[in-house]
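Encoded as structure tokens, the structure appears first; notes follow it.
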Amino acid sequence: MRMYDLIMKKRNGSALTGEEIRFMVQGYTKGEIPDYQMSAMMMAIYFRGMDADETLALTMEMAHSGDMLDLSDIHGVKVDKHSTGGVGDKTSLALTPMVAAAGVTVAKMSGRGLGHTGGTIDKLESFSGFSTAITEQQFKENVNRIGIAIMGQTADLAPADKKLYALRDVTATVDNMSLIASSIMSKKLAAGADAIVLDVKTGSGAFMKTQEDSFALAREMVRIGNGAGRKTIAVVSDMDQPLGCAVGNALEVREAIDTLRGCGPEDFVELCLTLGSYMLVAGGEAATEEEAEQILREVIENGSALDKLAEFIAAQGGDRELVYHPEKLPQASMTQEIESPADGYIQRIVCDEIGICSLILGGGRETKESAIDLSVGLVLHKKVGDAVKKGESLATIHANDQAKLDMAKERFLQAYTIDEEPVEKKPLIKGIVIE
């Protein structure tokens, strides 16, 4: 078998066999196939596409290119949740303790943020002492003992994907549905969960800007997951404006804690209940989504979800008292209100621009080596459809540097469109993909 022949076959529009994809992925991972040949293959796939069988085969080969986490000695059905990322997306911080408190085990691997979207691990490090650098054994013990653990992705998890993504990133071949779906799902399958609930974002703050593309990606990932024998469900949710009100690491942690106390923002609560309901049904703790939602509301009302967060934080070295005293989380040295320049209604928010405001303040990474300021960010007071008076606060900026604050404020105002006419609020949940 020669890579040259496979490139030509795909260039001419034919489907690759499972054996051919195995040869290609294994050869590239081992360094036997050079970058220039794999670049040519990625470009051929970009233009010719892959069918469902090819996409599943590629995903499985990438998943098996390194360690496959064996969670068989963890009790019960292991359910994972993955988000395609967005601005203010602190869902895992509130959702996972809710689900664990309801009796479904959550064994999750998460990453750090890069660019304008925040990473779960960065946010969790707002709790002093907290670490996701735990051993596989500690990970499993924590899940068995308290029902929840989150660890950082290891270098040996789907190494073929890491190598391929780096190549795609510099050869303009990232934006292909099969390649995107296989990249995400290879890591999810390698992480060992029995069931996967996906939160696929759509809108200006999402990777997929249109609903058409978001649903296409959701269908592709669900097809892969189910084809690999994992029960997989996708929720397509709005990211045309930030999720909730807080954007920035410690600020988002505080909002997640507020949610577990029963006073979170309406849209954030809705998303947590929707994703959590599907997780509970997949985990066998509820027969229907309606029953599952009631259980989740109960664990918030009786305080067990908040206690589960504290238990989880303590189990991974963090200060559990911060869960009950979030005012002691990292705080910026200065705050400033951003006043509305006019009367009217919030017509539009360019969502990714709000993420960039947080990045400017120091709340995100320009590069993988960048240090993050956990205390900075923004808290929005007005969102799409809300009425506003001139001089009324649109948001509060939390900053540690006046120049950065001024720059972020200017960019923030450009991201908001205020109009005289009322604007209808869009639904948060755009749809569910089950098969």
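Labeling convention for the structure tokens: chains A, B, ... as they appear, residues from 1 per chain, ligands from 1 in order of appearance.
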Which residues, written as a list in words, have at least one atom at most 7 Å from Val423 (chain A), with only C-alpha atoms counted and residues fewer than 6 positions away on the same chain left out?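 Contacts, with the query itself left out: Tyr345, Gln347 and Gly385 of chain A.
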If DSSP is run on the backbone, what residues of region 212-363 of chain A are alpha helix (DSSP H)? A reply as an mmCIF file with N, CA and C atoms, in the first residue's frame would be ideal.
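Written out: selection13.cif:
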```
data_model
loop_
_atom_site.group_PDB
_atom_site.id
_atom_site.type_symbol
_atom_site.label_atom_id
_atom_site.label_comp_id
_atom_site.auth_asym_id
_atom_site.auth_seq_id
_atom_site.Cartn_x
_atom_site.Cartn_y
_atom_site.Cartn_z
ATOM 1 N N GLU A 212 -27.484 25.792 9.931
ATOM 2 C CA GLU A 212 -27.332 24.700 8.970
ATOM 3 C C GLU A 212 -26.043 23.918 9.234
ATOM 4 N N ASP A 213 -24.938 24.631 9.404
ATOM 5 C CA ASP A 213 -23.655 23.970 9.674
ATOM 6 C C ASP A 213 -23.644 23.306 11.050
ATOM 7 N N SER A 214 -24.264 23.965 12.025
ATOM 8 C CA SER A 214 -24.277 23.413 13.390
ATOM 9 C C SER A 214 -25.052 22.100 13.454
ATOM 10 N N PHE A 215 -26.195 22.051 12.786
ATOM 11 C CA PHE A 215 -26.969 20.810 12.760
ATOM 12 C C PHE A 215 -26.248 19.726 11.965
ATOM 13 N N ALA A 216 -25.556 20.128 10.902
ATOM 14 C CA ALA A 216 -24.791 19.143 10.123
ATOM 15 C C ALA A 216 -23.687 18.524 10.977
ATOM 16 N N LEU A 217 -22.985 19.369 11.753
ATOM 17 C CA LEU A 217 -21.936 18.865 12.641
ATOM 18 C C LEU A 217 -22.535 17.973 13.729
ATOM 19 N N ALA A 218 -23.659 18.401 14.296
ATOM 20 C CA ALA A 218 -24.322 17.611 15.336
ATOM 21 C C ALA A 218 -24.695 16.226 14.805
ATOM 22 N N ARG A 219 -25.283 16.186 13.615
ATOM 23 C CA ARG A 219 -25.672 14.895 13.033
ATOM 24 C C ARG A 219 -24.463 14.007 12.786
ATOM 25 N N GLU A 220 -23.378 14.612 12.308
ATOM 26 C CA GLU A 220 -22.159 13.848 12.021
ATOM 27 C C GLU A 220 -21.589 13.242 13.302
ATOM 28 N N MET A 221 -21.536 14.031 14.378
ATOM 29 C CA MET A 221 -20.964 13.545 15.634
ATOM 30 C C MET A 221 -21.853 12.488 16.289
ATOM 31 N N VAL A 222 -23.156 12.679 16.221
ATOM 32 C CA VAL A 222 -24.081 11.691 16.779
ATOM 33 C C VAL A 222 -23.959 10.372 16.013
ATOM 34 N N ARG A 223 -23.829 10.480 14.689
ATOM 35 C CA ARG A 223 -23.667 9.282 13.857
ATOM 36 C C ARG A 223 -22.395 8.525 14.240
ATOM 37 N N ILE A 224 -21.318 9.265 14.456
ATOM 38 C CA ILE A 224 -20.046 8.650 14.848
ATOM 39 C C ILE A 224 -20.181 7.965 16.203
ATOM 40 N N GLY A 225 -20.722 8.704 17.189
ATOM 41 C CA GLY A 225 -20.845 8.161 18.538
ATOM 42 C C GLY A 225 -21.687 6.908 18.580
ATOM 43 N N ASN A 226 -22.850 6.949 17.949
ATOM 44 C CA ASN A 226 -23.722 5.774 17.929
ATOM 45 C C ASN A 226 -23.081 4.628 17.149
ATOM 46 N N GLY A 227 -22.359 4.977 16.062
ATOM 47 C CA GLY A 227 -21.671 3.953 15.273
ATOM 48 C C GLY A 227 -20.562 3.274 16.055
ATOM 49 N N ASN A 249 -13.010 34.060 33.973
ATOM 50 C CA ASN A 249 -12.876 32.822 34.734
ATOM 51 C C ASN A 249 -13.551 32.808 36.106
ATOM 52 N N ALA A 250 -13.053 33.597 37.056
ATOM 53 C CA ALA A 250 -13.635 33.586 38.404
ATOM 54 C C ALA A 250 -15.058 34.127 38.406
ATOM 55 N N LEU A 251 -15.353 35.080 37.514
ATOM 56 C CA LEU A 251 -16.704 35.617 37.409
ATOM 57 C C LEU A 251 -17.680 34.531 36.968
ATOM 58 N N GLU A 252 -17.240 33.685 36.054
ATOM 59 C CA GLU A 252 -18.087 32.582 35.595
ATOM 60 C C GLU A 252 -18.272 31.533 36.676
ATOM 61 N N VAL A 253 -17.234 31.308 37.469
ATOM 62 C CA VAL A 253 -17.359 30.379 38.601
ATOM 63 C C VAL A 253 -18.427 30.886 39.573
ATOM 64 N N ARG A 254 -18.406 32.178 39.858
ATOM 65 C CA ARG A 254 -19.401 32.758 40.769
ATOM 66 C C ARG A 254 -20.810 32.580 40.211
ATOM 67 N N GLU A 255 -20.961 32.749 38.901
ATOM 68 C CA GLU A 255 -22.276 32.585 38.283
ATOM 69 C C GLU A 255 -22.740 31.129 38.333
ATOM 70 N N ALA A 256 -21.806 30.207 38.174
ATOM 71 C CA ALA A 256 -22.143 28.785 38.292
ATOM 72 C C ALA A 256 -22.596 28.461 39.712
ATOM 73 N N ILE A 257 -21.913 29.042 40.701
ATOM 74 C CA ILE A 257 -22.306 28.840 42.107
ATOM 75 C C ILE A 257 -23.687 29.439 42.362
ATOM 76 N N ASP A 258 -23.931 30.632 41.822
ATOM 77 C CA ASP A 258 -25.271 31.249 41.941
ATOM 78 C C ASP A 258 -26.340 30.318 41.377
ATOM 79 N N THR A 259 -26.023 29.675 40.266
ATOM 80 C CA THR A 259 -26.973 28.767 39.616
ATOM 81 C C THR A 259 -27.277 27.570 40.511
ATOM 82 N N LEU A 260 -26.246 27.032 41.151
ATOM 83 C CA LEU A 260 -26.451 25.910 42.064
ATOM 84 C C LEU A 260 -27.177 26.330 43.335
ATOM 85 N N GLU A 266 -31.433 33.016 33.549
ATOM 86 C CA GLU A 266 -32.473 32.156 32.971
ATOM 87 C C GLU A 266 -31.950 31.265 31.842
ATOM 88 N N ASP A 267 -31.174 31.847 30.922
ATOM 89 C CA ASP A 267 -30.708 31.051 29.776
ATOM 90 C C ASP A 267 -29.722 29.978 30.217
ATOM 91 N N PHE A 268 -28.851 30.306 31.151
ATOM 92 C CA PHE A 268 -27.862 29.339 31.634
ATOM 93 C C PHE A 268 -28.540 28.181 32.364
ATOM 94 N N VAL A 269 -29.519 28.513 33.190
ATOM 95 C CA VAL A 269 -30.275 27.479 33.906
ATOM 96 C C VAL A 269 -30.980 26.563 32.905
ATOM 97 N N GLU A 270 -31.582 27.150 31.873
ATOM 98 C CA GLU A 270 -32.282 26.355 30.857
ATOM 99 C C GLU A 270 -31.340 25.376 30.169
ATOM 100 N N LEU A 271 -30.141 25.837 29.831
ATOM 101 C CA LEU A 271 -29.194 24.954 29.151
ATOM 102 C C LEU A 271 -28.747 23.819 30.066
ATOM 103 N N CYS A 272 -28.437 24.146 31.323
ATOM 104 C CA CYS A 272 -28.013 23.108 32.274
ATOM 105 C C CYS A 272 -29.106 22.059 32.476
ATOM 106 N N LEU A 273 -30.351 22.500 32.577
ATOM 107 C CA LEU A 273 -31.455 21.562 32.765
ATOM 108 C C LEU A 273 -31.672 20.703 31.520
ATOM 109 N N THR A 274 -31.509 21.289 30.353
ATOM 110 C CA THR A 274 -31.703 20.536 29.104
ATOM 111 C C THR A 274 -30.618 19.481 28.935
ATOM 112 N N LEU A 275 -29.355 19.894 29.030
ATOM 113 C CA LEU A 275 -28.246 18.943 28.889
ATOM 114 C C LEU A 275 -28.293 17.895 29.995
ATOM 115 N N GLY A 276 -28.538 18.365 31.222
ATOM 116 C CA GLY A 276 -28.582 17.454 32.363
ATOM 117 C C GLY A 276 -29.680 16.419 32.242
ATOM 118 N N SER A 277 -30.829 16.820 31.691
ATOM 119 C CA SER A 277 -31.939 15.876 31.524
ATOM 120 C C SER A 277 -31.552 14.723 30.608
ATOM 121 N N TYR A 278 -30.885 15.051 29.515
ATOM 122 C CA TYR A 278 -30.454 13.991 28.592
ATOM 123 C C TYR A 278 -29.361 13.123 29.223
ATOM 124 N N MET A 279 -28.523 13.727 30.060
ATOM 125 C CA MET A 279 -27.491 12.952 30.755
ATOM 126 C C MET A 279 -28.114 11.975 31.752
ATOM 127 N N LEU A 280 -29.151 12.417 32.467
ATOM 128 C CA LEU A 280 -29.810 11.542 33.439
ATOM 129 C C LEU A 280 -30.543 10.393 32.759
ATOM 130 N N VAL A 281 -31.191 10.675 31.629
ATOM 131 C CA VAL A 281 -31.870 9.611 30.890
ATOM 132 C C VAL A 281 -30.845 8.612 30.344
ATOM 133 N N ALA A 282 -29.751 9.130 29.789
ATOM 134 C CA ALA A 282 -28.698 8.249 29.258
ATOM 135 C C ALA A 282 -28.075 7.412 30.367
ATOM 136 N N GLU A 289 -37.158 12.959 29.870
ATOM 137 C CA GLU A 289 -36.469 14.238 30.099
ATOM 138 C C GLU A 289 -37.227 15.073 31.139
ATOM 139 N N GLU A 290 -38.561 14.966 31.146
ATOM 140 C CA GLU A 290 -39.369 15.727 32.096
ATOM 141 C C GLU A 290 -39.099 15.265 33.532
ATOM 142 N N GLU A 291 -39.034 13.968 33.713
ATOM 143 C CA GLU A 291 -38.729 13.419 35.042
ATOM 144 C C GLU A 291 -37.320 13.834 35.464
ATOM 145 N N ALA A 292 -36.389 13.788 34.512
ATOM 146 C CA ALA A 292 -34.997 14.153 34.792
ATOM 147 C C ALA A 292 -34.880 15.615 35.209
ATOM 148 N N GLU A 293 -35.621 16.490 34.526
ATOM 149 C CA GLU A 293 -35.565 17.918 34.862
ATOM 150 C C GLU A 293 -36.053 18.161 36.281
ATOM 151 N N GLN A 294 -37.094 17.445 36.690
ATOM 152 C CA GLN A 294 -37.611 17.599 38.044
ATOM 153 C C GLN A 294 -36.572 17.170 39.078
ATOM 154 N N ILE A 295 -35.870 16.082 38.797
ATOM 155 C CA ILE A 295 -34.807 15.612 39.701
ATOM 156 C C ILE A 295 -33.710 16.667 39.819
ATOM 157 N N LEU A 296 -33.322 17.257 38.684
ATOM 158 C CA LEU A 296 -32.269 18.270 38.686
ATOM 159 C C LEU A 296 -32.689 19.517 39.458
ATOM 160 N N ARG A 297 -33.949 19.902 39.309
ATOM 161 C CA ARG A 297 -34.442 21.054 40.075
ATOM 162 C C ARG A 297 -34.399 20.753 41.578
ATOM 163 N N GLU A 298 -34.688 19.518 41.933
ATOM 164 C CA GLU A 298 -34.676 19.135 43.352
ATOM 165 C C GLU A 298 -33.279 19.181 43.956
ATOM 166 N N VAL A 299 -32.250 18.740 43.190
ATOM 167 C CA VAL A 299 -30.890 18.756 43.759
ATOM 168 C C VAL A 299 -30.361 20.175 43.903
ATOM 169 N N ILE A 300 -30.934 21.101 43.127
ATOM 170 C CA ILE A 300 -30.593 22.515 43.328
ATOM 171 C C ILE A 300 -31.308 23.031 44.576
ATOM 172 N N GLU A 301 -32.604 22.750 44.674
ATOM 173 C CA GLU A 301 -33.411 23.263 45.778
ATOM 174 C C GLU A 301 -32.961 22.725 47.140
ATOM 175 N N SER A 304 -28.009 19.836 47.500
ATOM 176 C CA SER A 304 -27.062 18.733 47.293
ATOM 177 C C SER A 304 -26.149 18.965 46.094
ATOM 178 N N ALA A 305 -26.614 19.711 45.088
ATOM 179 C CA ALA A 305 -25.763 20.003 43.933
ATOM 180 C C ALA A 305 -24.612 20.933 44.333
ATOM 181 N N LEU A 306 -24.913 21.926 45.160
ATOM 182 C CA LEU A 306 -23.865 22.839 45.641
ATOM 183 C C LEU A 306 -22.871 22.075 46.515
ATOM 184 N N ASP A 307 -23.379 21.211 47.386
ATOM 185 C CA ASP A 307 -22.494 20.399 48.236
ATOM 186 C C ASP A 307 -21.626 19.465 47.394
ATOM 187 N N LYS A 308 -22.184 18.961 46.293
ATOM 188 C CA LYS A 308 -21.416 18.073 45.411
ATOM 189 C C LYS A 308 -20.270 18.832 44.751
ATOM 190 N N LEU A 309 -20.515 20.096 44.381
ATOM 191 C CA LEU A 309 -19.433 20.913 43.826
ATOM 192 C C LEU A 309 -18.321 21.072 44.854
ATOM 193 N N ALA A 310 -18.678 21.365 46.101
ATOM 194 C CA ALA A 310 -17.681 21.532 47.164
ATOM 195 C C ALA A 310 -16.891 20.245 47.371
ATOM 196 N N GLU A 311 -17.578 19.116 47.335
ATOM 197 C CA GLU A 311 -16.942 17.811 47.512
ATOM 198 C C GLU A 311 -15.954 17.545 46.374
ATOM 199 N N PHE A 312 -16.372 17.848 45.174
ATOM 200 C CA PHE A 312 -15.530 17.672 43.982
ATOM 201 C C PHE A 312 -14.292 18.562 44.041
ATOM 202 N N ILE A 313 -14.473 19.827 44.407
ATOM 203 C CA ILE A 313 -13.345 20.764 44.492
ATOM 204 C C ILE A 313 -12.340 20.273 45.532
ATOM 205 N N ALA A 314 -12.830 19.852 46.689
ATOM 206 C CA ALA A 314 -11.945 19.377 47.763
ATOM 207 C C ALA A 314 -11.202 18.110 47.353
ATOM 208 N N ALA A 315 -11.862 17.216 46.631
ATOM 209 C CA ALA A 315 -11.258 15.942 46.232
ATOM 210 C C ALA A 315 -10.073 16.149 45.293
ATOM 211 N N GLU A 321 -14.289 25.813 50.813
ATOM 212 C CA GLU A 321 -14.985 26.934 51.443
ATOM 213 C C GLU A 321 -15.323 28.036 50.444
ATOM 214 N N LEU A 322 -14.569 28.100 49.352
ATOM 215 C CA LEU A 322 -14.846 29.117 48.335
ATOM 216 C C LEU A 322 -16.183 28.875 47.649
ATOM 217 N N VAL A 323 -16.656 27.623 47.649
ATOM 218 C CA VAL A 323 -17.972 27.319 47.084
ATOM 219 C C VAL A 323 -19.059 28.008 47.899
ATOM 220 N N TYR A 324 -18.866 28.062 49.196
ATOM 221 C CA TYR A 324 -19.851 28.676 50.091
ATOM 222 C C TYR A 324 -19.566 30.162 50.333
ATOM 223 N N CYS A 351 -21.133 38.342 19.511
ATOM 224 C CA CYS A 351 -20.758 37.543 20.672
ATOM 225 C C CYS A 351 -19.251 37.351 20.813
ATOM 226 N N ASP A 352 -18.574 36.992 19.719
ATOM 227 C CA ASP A 352 -17.139 36.719 19.850
ATOM 228 C C ASP A 352 -16.357 37.976 20.232
ATOM 229 N N GLU A 353 -16.920 39.162 19.933
ATOM 230 C CA GLU A 353 -16.266 40.407 20.333
ATOM 231 C C GLU A 353 -16.265 40.571 21.857
ATOM 232 N N ILE A 354 -17.310 40.080 22.520
ATOM 233 C CA ILE A 354 -17.351 40.135 23.986
ATOM 234 C C ILE A 354 -16.269 39.215 24.554
ATOM 235 N N GLY A 355 -16.085 38.067 23.921
ATOM 236 C CA GLY A 355 -14.999 37.173 24.319
ATOM 237 C C GLY A 355 -13.643 37.822 24.146
ATOM 238 N N ILE A 356 -13.490 38.581 23.066
ATOM 239 C CA ILE A 356 -12.219 39.274 22.819
ATOM 240 C C ILE A 356 -11.993 40.376 23.857
ATOM 241 N N CYS A 357 -13.072 41.007 24.320
ATOM 242 C CA CYS A 357 -12.941 41.998 25.398
ATOM 243 C C CYS A 357 -12.317 41.354 26.637
ATOM 244 N N SER A 358 -12.794 40.166 26.987
ATOM 245 C CA SER A 358 -12.227 39.442 28.136
ATOM 246 C C SER A 358 -10.770 39.077 27.880
#
```
Atom-to-atom span, CA of Glu420 (chain A) and CA of Ile397 (chain A), Å: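 Separating CA of Glu420 (chain A) from CA of Ile397 (chain A) is a distance of 25.4 Å.
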List the spatial neighbours of Ile432 (chain A) as a compact mmCIF listing (two decimals) with C-alpha atoms, in the first residue's frame - criterion: any atom at most 7 Å away, only C-alpha atoms, same-chain residues fewer than 5 positions off excluded.
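Result written to out_20.txt:
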```
# COMPACT_ATOMS: atom_id res chain seq x y z
CA ALA A 234 -26.59 16.50 20.59
CA VAL A 235 -28.29 19.69 21.76
CA VAL A 236 -27.87 22.64 19.37
```
Using only C-alpha atoms, which residues sit within 10 Å of Pro427 (chain A) once same-chain residues fewer than 4 positions away are excluded, as a ChimeraX atom specification? /A:237-238,267,431
Would you pick out the contacts of Ile180 (chain A) at 12 Å or less, using only C-alpha atoms, so that residues sharing its chain but fewer than 2 positions from it are not included, and give the list as a PyMOL selection string? chain A and resi 42+45-46+49-50+55+58-59+84+161+164-165+168-169+173-178+182-187+207-208+213-214+216-218+220-221+224
